[in-house]
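A.B. asks: File name query_8.csv; file contents CSV, C-alpha atoms; full text below.
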chain,number,residue,atom,x,y,z
A,6,ARG,CA,160.9,99.4,33.0
A,7,ALA,CA,159.7,102.9,32.8
A,8,LEU,CA,156.1,101.9,33.4
A,9,ASN,CA,157.2,99.7,36.4
A,10,ALA,CA,159.1,102.6,37.9
A,11,GLU,CA,156.1,104.9,37.4
A,12,LEU,CA,153.8,102.3,39.1
A,13,ASP,CA,156.3,101.9,42.0
A,14,GLY,CA,156.3,105.6,42.6
A,15,PHE,CA,152.5,105.7,42.5
A,16,VAL,CA,152.3,102.9,45.1
A,17,GLY,CA,154.7,104.8,47.4
A,18,GLU,CA,152.7,108.0,47.2
A,19,VAL,CA,149.2,106.5,47.5
A,20,PHE,CA,149.6,103.4,49.7
A,21,VAL,CA,152.6,103.8,51.9
A,22,PRO,CA,152.1,107.1,53.7
A,23,GLY,CA,150.7,106.6,57.2
A,24,GLN,CA,151.3,102.8,57.1
A,25,PRO,CA,153.3,101.1,59.9
A,26,VAL,CA,157.0,100.6,59.1
A,27,ARG,CA,156.9,97.0,60.0
A,28,GLY,CA,155.7,95.0,57.0
A,29,ALA,CA,155.2,98.1,54.8
A,30,GLN,CA,157.9,97.1,52.3
A,31,ARG,CA,156.4,93.7,51.7
A,32,ARG,CA,152.9,95.1,51.5
A,33,ALA,CA,154.1,97.8,49.0
A,34,GLU,CA,155.4,95.0,46.8
A,35,LEU,CA,152.1,93.2,47.0
A,36,TRP,CA,150.1,96.4,46.3
A,37,GLY,CA,152.3,96.9,43.2
A,38,HIS,CA,151.6,93.3,42.1
A,39,HIS,CA,147.9,93.7,42.6
A,40,LEU,CA,147.8,96.9,40.5
A,41,ARG,CA,150.0,95.2,37.8
A,42,GLY,CA,147.6,92.3,37.8
A,43,SER,CA,144.6,94.6,37.3
A,44,LEU,CA,146.3,96.8,34.7
A,45,LEU,CA,148.5,94.5,32.7
A,46,THR,CA,147.3,90.9,32.8
A,47,ASP,CA,144.8,89.6,30.2
A,48,VAL,CA,143.4,86.8,32.3
A,49,LYS,CA,139.6,86.3,31.9
A,50,ARG,CA,138.9,86.8,35.6
A,51,LYS,CA,141.3,89.0,37.6
A,52,THR,CA,141.2,86.9,40.8
A,53,ALA,CA,144.2,86.3,43.1
A,54,THR,CA,144.6,82.9,41.4
A,55,GLY,CA,144.6,84.2,37.9
A,56,MET,CA,146.8,87.2,38.5
A,57,GLY,CA,149.2,85.3,40.7
A,58,ARG,CA,149.7,82.7,38.0
A,59,VAL,CA,150.6,85.3,35.3
A,60,LEU,CA,152.7,87.5,37.6
A,61,GLY,CA,154.5,84.6,39.2
A,62,VAL,CA,153.3,85.7,42.7
A,63,SER,CA,151.9,83.6,45.5
A,64,THR,CA,148.1,83.4,45.3
A,65,GLN,CA,148.0,83.1,49.1
A,66,SER,CA,149.9,86.4,49.5
A,67,LEU,CA,147.6,88.3,47.1
A,68,ASN,CA,144.5,86.8,48.9
A,69,HIS,CA,146.0,87.8,52.3
A,70,LEU,CA,146.6,91.3,51.1
A,71,VAL,CA,142.9,91.8,50.4
A,72,THR,CA,141.2,89.7,53.0
A,73,ASP,CA,143.3,89.6,56.2
A,74,SER,CA,146.2,92.2,55.9
A,75,PRO,CA,145.8,94.9,58.5
A,76,TRP,CA,146.1,97.9,56.2
A,77,GLU,CA,143.2,100.4,56.4
A,78,TRP,CA,141.5,101.1,53.1
A,79,GLY,CA,139.9,104.5,54.1
A,80,PRO,CA,143.1,106.6,54.1
A,81,VAL,CA,144.2,105.0,50.8
A,82,GLN,CA,140.8,105.8,49.2
A,83,ASN,CA,141.0,109.4,50.5
A,84,ARG,CA,144.4,109.9,48.9
A,85,VAL,CA,143.0,108.5,45.7
A,86,ALA,CA,140.2,111.0,45.9
A,87,VAL,CA,142.4,114.0,46.5
A,88,ARG,CA,144.7,113.0,43.6
A,89,ALA,CA,141.8,112.2,41.3
A,90,GLN,CA,140.2,115.6,42.1
A,91,ARG,CA,143.5,117.4,41.3
A,92,LEU,CA,143.9,115.4,38.0
A,93,LEU,CA,140.4,115.6,36.7
A,94,ARG,CA,139.3,119.1,37.9
A,95,PRO,CA,135.8,117.7,37.6
A,96,VAL,CA,132.8,119.5,36.2
A,97,ALA,CA,130.5,117.4,38.4
A,98,TRP,CA,130.4,114.8,41.1
A,99,ALA,CA,128.1,112.0,40.0
A,100,VAL,CA,126.1,110.0,42.5
A,101,ASP,CA,125.2,106.5,41.2
A,102,ASP,CA,125.3,102.9,42.1
A,103,THR,CA,126.4,99.7,40.4
A,104,THR,CA,126.0,96.0,41.0
A,105,PHE,CA,128.3,92.9,41.2
A,106,LEU,CA,126.6,89.7,40.1
A,107,LYS,CA,127.2,86.7,42.5
A,108,ASP,CA,126.4,83.0,42.3
A,109,GLY,CA,126.2,82.2,46.1
A,110,HIS,CA,124.5,83.9,49.0
A,111,ASP,CA,127.4,84.2,51.5
A,112,SER,CA,129.3,87.2,50.1
A,113,VAL,CA,128.7,90.4,52.2
A,114,GLY,CA,125.6,92.3,51.2
A,115,VAL,CA,124.5,89.9,48.5
A,116,ALA,CA,120.7,89.5,47.9
A,117,ARG,CA,118.2,89.3,45.1
A,118,GLN,CA,117.8,92.9,44.0
A,119,HIS,CA,117.6,95.0,40.9
A,120,SER,CA,120.7,95.0,38.6
A,121,GLY,CA,121.0,97.2,35.6
A,122,ARG,CA,123.8,94.9,34.3
A,123,ALA,CA,121.4,91.9,34.4
A,124,GLY,CA,118.4,93.9,33.2
A,125,GLY,CA,116.2,93.0,36.2
A,126,GLN,CA,116.3,91.2,39.5
A,127,ALA,CA,119.5,89.2,40.1
A,128,ASN,CA,121.6,87.8,42.9
A,129,CYS,CA,124.1,90.5,43.4
A,130,GLN,CA,125.9,93.1,45.6
A,131,ALA,CA,125.1,96.8,45.2
A,132,ALA,CA,127.4,99.7,45.9
A,133,VAL,CA,126.9,103.5,45.9
A,134,SER,CA,129.7,105.8,44.7
A,135,VAL,CA,130.5,109.5,44.4
A,136,THR,CA,132.5,109.8,41.1
A,137,ALA,CA,134.5,112.8,39.8
A,138,CYS,CA,133.7,113.4,36.2
A,139,GLY,CA,136.1,115.4,34.1
A,140,LYS,CA,137.5,115.6,30.5
A,141,ALA,CA,140.2,113.0,31.3
A,142,GLY,CA,137.8,110.4,32.7
A,143,ALA,CA,135.6,109.4,35.7
A,144,ILE,CA,137.0,108.1,38.9
A,145,PRO,CA,135.1,107.2,42.1
A,146,LEU,CA,136.1,109.3,45.1
A,147,ALA,CA,134.2,107.2,47.7
A,148,TRP,CA,132.3,103.9,47.9
A,149,ARG,CA,129.5,102.7,50.1
A,150,LEU,CA,128.4,99.0,50.1
A,151,PHE,CA,124.6,98.7,50.2
A,152,LEU,CA,123.2,96.3,52.8
A,153,PRO,CA,119.7,95.1,52.1
A,154,LYS,CA,117.3,94.6,55.0
A,155,SER,CA,118.0,90.9,54.9
A,156,TRP,CA,121.5,91.7,56.2
A,157,ASN,CA,120.3,93.5,59.4
A,158,PRO,CA,121.4,91.9,62.7
A,159,GLU,CA,118.0,90.6,63.6
A,160,VAL,CA,117.9,88.6,60.3
A,161,SER,CA,121.5,87.7,59.5
A,162,ALA,CA,123.5,87.7,62.7
A,163,GLU,CA,125.5,84.6,61.8
A,164,ARG,CA,126.2,85.8,58.2
A,165,ARG,CA,127.3,89.2,59.5
A,166,LEU,CA,129.7,87.6,62.0
A,167,THR,CA,131.2,85.4,59.3
A,168,CYS,CA,131.6,88.4,56.9
A,169,ARG,CA,132.9,90.6,59.6
A,170,VAL,CA,130.3,93.3,59.1
A,171,PRO,CA,130.8,96.2,61.7
A,172,GLU,CA,128.0,96.4,64.3
A,173,ASP,CA,126.9,99.9,63.3
A,174,GLU,CA,126.5,99.0,59.6
A,175,VAL,CA,122.9,98.3,58.9
A,176,HIS,CA,120.4,98.8,56.0
A,177,ARG,CA,120.2,102.4,54.9
A,178,ARG,CA,118.6,103.8,51.8
A,179,LYS,CA,121.0,104.5,48.9
A,180,TRP,CA,120.4,108.2,49.0
A,181,GLU,CA,121.5,108.2,52.6
A,182,LEU,CA,124.7,106.3,51.7
A,183,ALA,CA,125.3,108.9,49.0
A,184,LEU,CA,125.0,111.8,51.5
A,185,ASP,CA,127.4,109.9,53.8
A,186,ALA,CA,129.9,109.4,51.0
A,187,LEU,CA,129.6,113.1,50.1
A,188,ASP,CA,130.3,114.1,53.7
A,189,GLU,CA,133.5,112.0,53.6
A,190,VAL,CA,134.7,113.6,50.4
A,191,LEU,CA,133.8,117.1,51.6
A,192,GLY,CA,135.7,116.4,54.8
A,193,LEU,CA,138.9,116.1,52.7
A,194,GLY,CA,138.6,119.8,51.8
A,195,LEU,CA,137.9,119.3,48.1
A,196,GLU,CA,136.2,122.0,46.2
A,197,PRO,CA,132.8,120.6,45.2
A,198,PRO,CA,131.5,121.0,41.7
A,199,PRO,CA,127.7,120.5,41.2
A,200,VAL,CA,126.3,117.1,42.1
A,201,VAL,CA,124.4,115.1,39.4
A,202,ALA,CA,122.3,112.1,39.9
A,203,ASP,CA,119.7,110.0,38.1
A,204,ARG,CA,116.0,109.7,39.1
A,205,ASP,CA,116.6,107.0,41.7
A,206,TYR,CA,118.3,109.6,43.9
A,207,GLY,CA,116.9,112.9,42.6
A,208,ARG,CA,113.2,112.0,43.2
A,209,ALA,CA,113.9,111.7,46.9
A,210,GLY,CA,113.1,115.1,48.4
A,211,GLU,CA,115.2,114.3,51.4
A,212,PHE,CA,118.2,113.8,49.2
A,213,ARG,CA,117.7,117.1,47.5
A,214,ASP,CA,117.3,118.8,50.8
A,215,GLY,CA,120.4,117.1,52.1
A,216,LEU,CA,122.4,118.5,49.2
A,217,ALA,CA,121.1,122.0,49.7
A,218,ARG,CA,121.9,121.8,53.5
A,219,ARG,CA,125.5,121.0,52.6
A,220,GLY,CA,125.6,124.1,50.3
A,221,LEU,CA,126.0,121.9,47.2
A,222,GLY,CA,124.9,122.8,43.8
A,223,PHE,CA,123.1,120.1,42.0
A,224,VAL,CA,121.2,119.0,38.8
A,225,VAL,CA,119.3,115.8,39.6
A,226,GLN,CA,116.7,114.0,37.6
A,227,VAL,CA,113.2,113.7,38.9
A,228,ASN,CA,109.8,112.3,37.8
A,229,SER,CA,108.1,114.6,35.3
A,230,ASP,CA,105.0,114.7,37.6
A,231,VAL,CA,106.9,116.1,40.6
A,232,SER,CA,104.8,118.9,42.2
A,233,VAL,CA,105.9,122.4,41.6
A,234,LEU,CA,104.6,126.0,41.8
A,235,PRO,CA,105.6,128.9,39.6
A,236,TRP,CA,108.3,130.9,41.3
A,237,ARG,CA,107.5,134.2,43.0
A,238,ALA,CA,108.7,136.0,46.2
A,239,GLU,CA,107.8,134.2,49.4
A,240,PRO,CA,104.8,135.4,51.4
A,241,ASP,CA,105.2,136.2,55.1
A,242,THR,CA,104.5,132.7,56.2
A,243,PRO,CA,107.8,131.0,55.7
A,244,TRP,CA,106.6,127.8,54.1
A,245,ALA,CA,103.0,128.2,53.1
A,246,ARG,CA,102.1,128.9,49.5
A,247,GLU,CA,99.0,130.3,47.8
A,248,GLY,CA,97.7,128.6,44.7
A,249,LYS,CA,97.5,125.0,43.6
A,250,HIS,CA,100.6,123.0,42.9
A,251,VAL,CA,100.8,121.2,39.5
A,252,PRO,CA,102.9,118.5,37.9
A,253,ALA,CA,106.2,119.8,36.4
A,254,ALA,CA,105.2,118.5,33.0
A,255,GLU,CA,102.0,120.5,33.1
A,256,LEU,CA,103.7,123.7,34.1
A,257,ALA,CA,106.4,123.4,31.5
A,258,ALA,CA,104.0,122.6,28.7
A,259,GLY,CA,103.4,126.3,27.9
A,260,ALA,CA,107.1,127.3,28.3
A,261,SER,CA,109.3,128.2,25.3
A,262,ARG,CA,111.5,125.4,23.9
A,263,VAL,CA,115.0,125.8,22.7
A,264,PRO,CA,117.1,123.2,20.9
A,265,VAL,CA,120.3,122.4,22.7
A,266,SER,CA,123.1,120.0,21.7
A,267,TRP,CA,125.4,118.0,23.9
A,268,HIS,CA,128.1,115.4,23.4
A,269,THR,CA,128.0,111.7,24.4
A,270,GLY,CA,130.4,108.8,23.9
A,271,GLU,CA,128.4,108.0,20.8
A,272,GLY,CA,128.5,111.5,19.2
A,273,GLU,CA,126.4,114.7,19.4
A,274,ARG,CA,122.8,114.8,20.4
A,275,VAL,CA,120.2,117.5,20.0
A,276,ALA,CA,116.8,118.0,21.7
A,277,ASP,CA,114.4,120.7,22.8
A,278,PHE,CA,114.6,121.9,26.4
A,279,SER,CA,112.6,124.3,28.6
A,280,LEU,CA,113.8,126.1,31.7
A,281,LEU,CA,111.6,127.6,34.4
A,282,ARG,CA,112.2,128.9,37.9
A,283,VAL,CA,109.9,127.1,40.3
A,284,ARG,CA,109.3,126.2,43.9
A,285,GLU,CA,109.0,122.6,45.0
A,286,ALA,CA,105.5,122.0,46.3
A,287,GLY,CA,103.2,119.1,47.1
A,288,ILE,CA,102.5,117.6,50.6
A,289,PRO,CA,106.0,116.1,51.1
A,290,ALA,CA,107.8,119.4,50.3
A,291,ARG,CA,105.4,121.4,52.5
A,292,GLN,CA,105.9,119.0,55.4
A,293,ARG,CA,109.7,119.1,55.1
A,294,ALA,CA,109.6,122.9,54.9
A,295,SER,CA,107.2,123.1,57.8
A,296,ARG,CA,109.3,120.9,60.1
A,297,ALA,CA,112.4,123.0,59.2
A,298,GLY,CA,110.6,126.3,59.4
A,299,THR,CA,111.8,127.3,56.0
A,300,ALA,CA,110.4,128.5,52.7
A,301,LEU,CA,109.5,126.0,49.9
A,302,PRO,CA,112.7,125.3,48.0
A,303,ASP,CA,113.7,127.6,45.1
A,304,ARG,CA,114.7,125.5,42.1
A,305,TRP,CA,115.3,125.5,38.4
A,306,LEU,CA,113.1,123.1,36.5
A,307,LEU,CA,114.8,121.7,33.3
A,308,VAL,CA,112.6,119.7,30.9
A,309,GLN,CA,113.8,117.7,27.9
A,310,TRP,CA,111.1,117.1,25.3
A,311,ASP,CA,110.6,113.9,23.3
A,312,ASN,CA,111.5,114.7,19.6
A,313,GLU,CA,109.0,112.0,18.5
A,314,LYS,CA,106.2,112.9,20.9
A,315,PRO,CA,106.4,116.7,21.3
A,316,ALA,CA,103.7,116.8,24.0
A,317,ALA,CA,105.5,114.4,26.3
A,318,PRO,CA,108.5,115.3,28.4
A,319,ALA,CA,111.4,112.8,27.9
A,320,HIS,CA,113.2,113.8,31.1
A,321,ALA,CA,113.0,116.4,33.9
A,322,TRP,CA,115.5,117.7,36.4
A,323,LEU,CA,115.5,120.0,39.4
A,324,ALA,CA,118.6,122.2,39.8
A,325,ARG,CA,120.2,124.5,42.3
A,326,LEU,CA,123.4,126.4,41.6
A,327,PRO,CA,124.3,128.7,44.5
A,328,GLY,CA,125.7,132.1,43.5
A,329,VAL,CA,124.3,131.9,40.0
A,330,ALA,CA,121.4,134.3,39.4
A,331,ARG,CA,120.2,132.6,36.3
A,332,PRO,CA,122.1,129.6,34.9
A,333,THR,CA,122.3,129.2,31.1
A,334,LEU,CA,120.2,126.5,29.5
A,335,GLN,CA,123.3,125.1,27.9
A,336,ARG,CA,125.2,124.8,31.2
A,337,LEU,CA,122.3,123.0,32.9
A,338,VAL,CA,121.9,120.6,30.0
A,339,ARG,CA,125.6,119.7,29.9
A,340,LEU,CA,125.6,119.1,33.7
A,341,ALA,CA,122.4,117.0,33.5
A,342,LYS,CA,124.1,114.9,30.7
A,343,THR,CA,127.4,114.6,32.5
A,344,ARG,CA,126.0,111.9,34.8
A,345,TRP,CA,126.4,109.4,32.0
A,346,ALA,CA,130.2,109.8,32.2
A,347,VAL,CA,130.0,107.6,35.3
A,348,GLU,CA,129.0,104.7,33.2
A,349,THR,CA,132.3,105.0,31.3
A,350,GLY,CA,134.2,104.7,34.7
A,351,TYR,CA,132.1,101.7,35.8
A,352,ARG,CA,132.6,100.0,32.5
A,353,GLU,CA,136.4,100.4,32.7
A,354,LEU,CA,136.4,99.2,36.3
A,355,LYS,CA,134.5,96.1,35.4
A,356,ASP,CA,135.6,95.2,31.8
A,357,THR,CA,139.2,96.3,32.1
A,358,LEU,CA,140.3,96.2,35.7
A,359,GLY,CA,138.1,93.4,37.2
A,360,ILE,CA,136.3,95.2,40.1
A,361,ASP,CA,133.5,92.6,39.9
A,362,HIS,CA,135.9,89.6,39.9
A,363,PHE,CA,136.5,89.5,43.7
A,364,GLU,CA,135.8,86.1,45.2
A,365,GLY,CA,136.2,87.0,48.9
A,366,ARG,CA,133.1,87.3,51.1
A,367,THR,CA,134.0,89.7,53.9
A,368,TRP,CA,133.3,93.4,54.5
A,369,PRO,CA,137.0,94.4,54.9
A,370,GLY,CA,138.0,92.3,51.8
A,371,TRP,CA,135.4,93.9,49.6
A,372,HIS,CA,136.4,97.4,50.6
A,373,ARG,CA,140.1,96.7,50.2
A,374,HIS,CA,139.4,95.2,46.8
A,375,VAL,CA,137.4,98.1,45.4
A,376,THR,CA,140.1,100.5,46.8
A,377,LEU,CA,142.8,98.7,45.0
A,378,VAL,CA,140.9,98.6,41.7
A,379,THR,CA,139.9,102.3,42.0
A,380,ALA,CA,143.6,103.1,42.6
A,381,ALA,CA,144.4,101.1,39.4
A,382,LEU,CA,141.9,103.2,37.5
A,383,LEU,CA,143.5,106.4,38.9
A,384,PHE,CA,147.0,105.2,37.8
A,385,LEU,CA,145.7,104.4,34.3
A,386,THR,CA,144.0,107.8,33.9
A,387,GLU,CA,147.1,109.6,35.1
A,388,HIS,CA,149.2,107.6,32.7
A,389,ARG,CA,146.9,108.5,29.8
A,390,ALA,CA,146.8,112.1,30.7
A,391,HIS,CA,150.6,112.5,30.9
A,392,ALA,CA,151.7,110.2,28.1
A,393,PRO,CA,153.0,111.9,25.0
A,394,LYS,CA,150.4,112.3,22.3
A,395,HIS,CA,151.3,110.7,19.0
A,396,ALA,CA,150.1,112.1,15.8
A,397,ALA,CA,147.5,110.0,14.0
A,398,PRO,CA,148.7,108.5,10.7
A,399,ALA,CA,147.6,110.3,7.6
Can the structure in the file be given as C-alpha cells, please?

C.D. replies:
Amino acid sequence: RALNAELDGFVGEVFVPGQPVRGAQRRAELWGHHLRGSLLTDVKRKTATGMGRVLGVSTQSLNHLVTDSPWEWGPVQNRVAVRAQRLLRPVAWAVDDTTFLKDGHDSVGVARQHSGRAGGQANCQAAVSVTACGKAGAIPLAWRLFLPKSWNPEVSAERRLTCRVPEDEVHRRKWELALDALDEVLGLGLEPPPVVADRDYGRAGEFRDGLARRGLGFVVQVNSDVSVLPWRAEPDTPWAREGKHVPAAELAAGASRVPVSWHTGEGERVADFSLLRVREAGIPARQRASRAGTALPDRWLLVQWDNEKPAAPAHAWLARLPGVARPTLQRLVRLAKTRWAVETGYRELKDTLGIDHFEGRTWPGWHRHVTLVTAALLFLTEHRAHAPKHAAPA
C-alpha cells in the first residue's frame, strides 16, 4: 500500500501538471498502471497484453494510452529531466545511442543498421539519448529517434504517413540529434556538467565545435590519429598555425605517463595515462576555424596506454573544461570513464523495465513509450535513494 501511494504521488507530480482536466483522472490511472506494469510485473515481455493480463487492466486501454491518447510526451519528459537532475546531481551528461531489435520493417525508423546488442548489422531502431550520470544511477534526460535515409520522404512517403512521422523529421546524423537533445535539456535551465561521449560522437569535429559554442565542458573519445599541434599562444592570424600537425599518438609518445585508477561496475582498474595541452589541427579543423574566423581549438589531450603494448595508445580523448586552468589527470580520467555508466541505465531500461518490448509502430507511440519507461526508471531510482538502508547480515 505504501509503495502504491508513493507511485500515485509520483504520477500526479510528473504526468498530471499541464494536462487537460477532462480525461486526466482516467489517464492518471492508466499512467499508474503502465508504470506498475514496468516496475512490478515479471512477465517475459512487458507489452500491453502481458502487463494488462497480470494487472487485470484492459489491454486496449493500455495500448490506447501509448498509441492514440492525446497527451504530449515532451512536457512529461522535461519534468522527468528536471527531477532526475535534482536527484542525481550528475557528474556528467553522457551522449550515447542504443538500438531496439525488430522483426518486421514497418515500425518507425526501423532499418538494417549497426547494433551493439546484436554485435553487428541487424534489423532495428536506433535512438540517441542525453543521460545524467550520478552516484545514484543514470537516467536519460532526452531522447531522439534516429531516422535512416531510407525513411526520408522521397523514399518512404507511405511508411511515414502510416507511422505518423512529422513532416520536418528527416534523416540527421546522430551527433546532430545529440546537439538538438542537449539544446532541449539546456532550455530547461539545468546546470550542465561536462558532456562525455564515445568515439562515434567525439571524432566528429562539428560535434566538438557544437559543444564548445554552447559553452559546455566535455571529455570525448577520439581516434588516436586525430591531428593536433603542441599548444602555444596564438599568432596574429586567428586560425593559421606554423609547424606540421601530427597524430595525437605520435605527439603523446614522448610525454610522461602516470598510473591512474578508476572504478567500474566490475571493480577497480589501473592504467597509465598522459595529459598534454594541444590545439586541434589538420585540414578539417583549419577549415572550420577559417570559416568561423577563430583560432584553432585549445584542448587537453588525454591518452590511455595499453598495459600489454606500451607503445600503443589504448584510447584517446579531447577535453575542454571552461574555467579550469589545468584540470587534474585524475578528474579527466574519471570523467572519461563515467560514460560507461550509461550502459547501466540502458541495461536496466531493457532488462528490467522493458523499453525494447514496445510493439507499436508509430512515431507518437514510440515517444510515449520511452517516456513512460524512463519515468519508471526515475521512480525506481528515487525509491532506492530514499529507501531505508538495512544493515548487511554479519

A.B. asks: Can you measure CA of Pro393 in chain A to CA of Ala141 in chain A for me? One decimal in Å is fine.

C.D. replies: 14.3 Å

A.B. asks: Using 9 Å as the limit and counting all atoms listed in the file, can you tabulate each residue of range 325-352 of chain A that touches range 181-200 of chain A, with its shortest atom-to-atom distance in Å and the two atoms involved, as a Markdown table?

C.D. replies:
| residue | atom | partner | partner_atom | distance |
| --- | --- | --- | --- | --- |
| A:Arg325 | CA | A:Pro199 | CA | 8.6 |
| A:Leu326 | CA | A:Pro199 | CA | 7.3 |
| A:Leu340 | CA | A:Pro199 | CA | 7.9 |
| A:Arg344 | CA | A:Val200 | CA | 9.0 |

A.B. asks: My list of candidates is A:Asp111, A:Asp47, A:Glu211, A:Asp277. Which is closest to Trp310 in chain A when distances are computed with only C-alpha atoms?

C.D. replies: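 With only C-alpha atoms as the atom set, the closest residue is A:Asp277.
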
A.B. asks: Skip Ala99 in chain A itself and residues of its chain fewer than 4 positions away, then list as a CSV table (one decimal) with C-alpha atoms, in the frame of the given file all residues within 9 Å of it, counting all atoms listed in the file.

C.D. replies:
chain,number,residue,atom,x,y,z
A,134,SER,CA,129.7,105.8,44.7
A,135,VAL,CA,130.5,109.5,44.4
A,136,THR,CA,132.5,109.8,41.1
A,137,ALA,CA,134.5,112.8,39.8
A,138,CYS,CA,133.7,113.4,36.2
A,145,PRO,CA,135.1,107.2,42.1
A,199,PRO,CA,127.7,120.5,41.2
A,200,VAL,CA,126.3,117.1,42.1
A,201,VAL,CA,124.4,115.1,39.4
A,202,ALA,CA,122.3,112.1,39.9
A,203,ASP,CA,119.7,110.0,38.1
A,343,THR,CA,127.4,114.6,32.5
A,344,ARG,CA,126.0,111.9,34.8
A,345,TRP,CA,126.4,109.4,32.0
A,346,ALA,CA,130.2,109.8,32.2
A,347,VAL,CA,130.0,107.6,35.3

A.B. asks: For Leu93 in chain A, which of A:Cys129, A:Leu385, A:Ala143, A:Ala300 is the closest residue, counting all atoms listed in the file?

C.D. replies: A:Ala143

A.B. asks: Quick one: of A:Gly328, A:Ala7, A:Arg169, A:Ala390, who's nearest to Gly220 in chain A, counting only C-alpha atoms?

C.D. replies: A:Gly328

A.B. asks: Check the smallest atom-to-atom distance from each of A:Ala131, A:Leu67, A:Ala294, A:Ala217 to Thr103 in chain A using all atoms listed in the file, then report the winner.

C.D. replies: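 Using all atoms listed in the file, Thr103 in chain A sits closest to A:Ala131.
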
A.B. asks: Return the single residue from A:Lys314, A:Arg274, A:Arg366, A:Lys179 that is closest to Pro153 in chain A, with distances computed using only C-alpha atoms.

C.D. replies: A:Lys179

A.B. asks: Go through A:Gly298, A:Gly359, A:Pro252, A:Gly17 one by one, measure the shortest atom-to-atom distance of each to Met56 in chain A using all atoms listed in the file, and give the residue with the smallest value.

C.D. replies: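 Ranking A:Gly298, A:Gly359, A:Pro252, A:Gly17 by distance to Met56 in chain A, first place goes to A:Gly359.
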
A.B. asks: Give as a count of residues only each residue that has an atom at most 8 Å from (112.0, 113.8, 30.6) in the file, counting only C-alpha atoms.

C.D. replies: 12

A.B. asks: Would you work out the distance separating CA of Thr46 in chain A from CA of Asn9 in chain A, expressed in Å to one decimal?

C.D. replies: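 So the answer is 13.7 Å.
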
A.B. asks: Just to confirm, what's the straight-line distance from CA of Arg41 in chain A to CA of Leu60 in chain A in Å (one decimal)?

C.D. replies: 8.2 Å
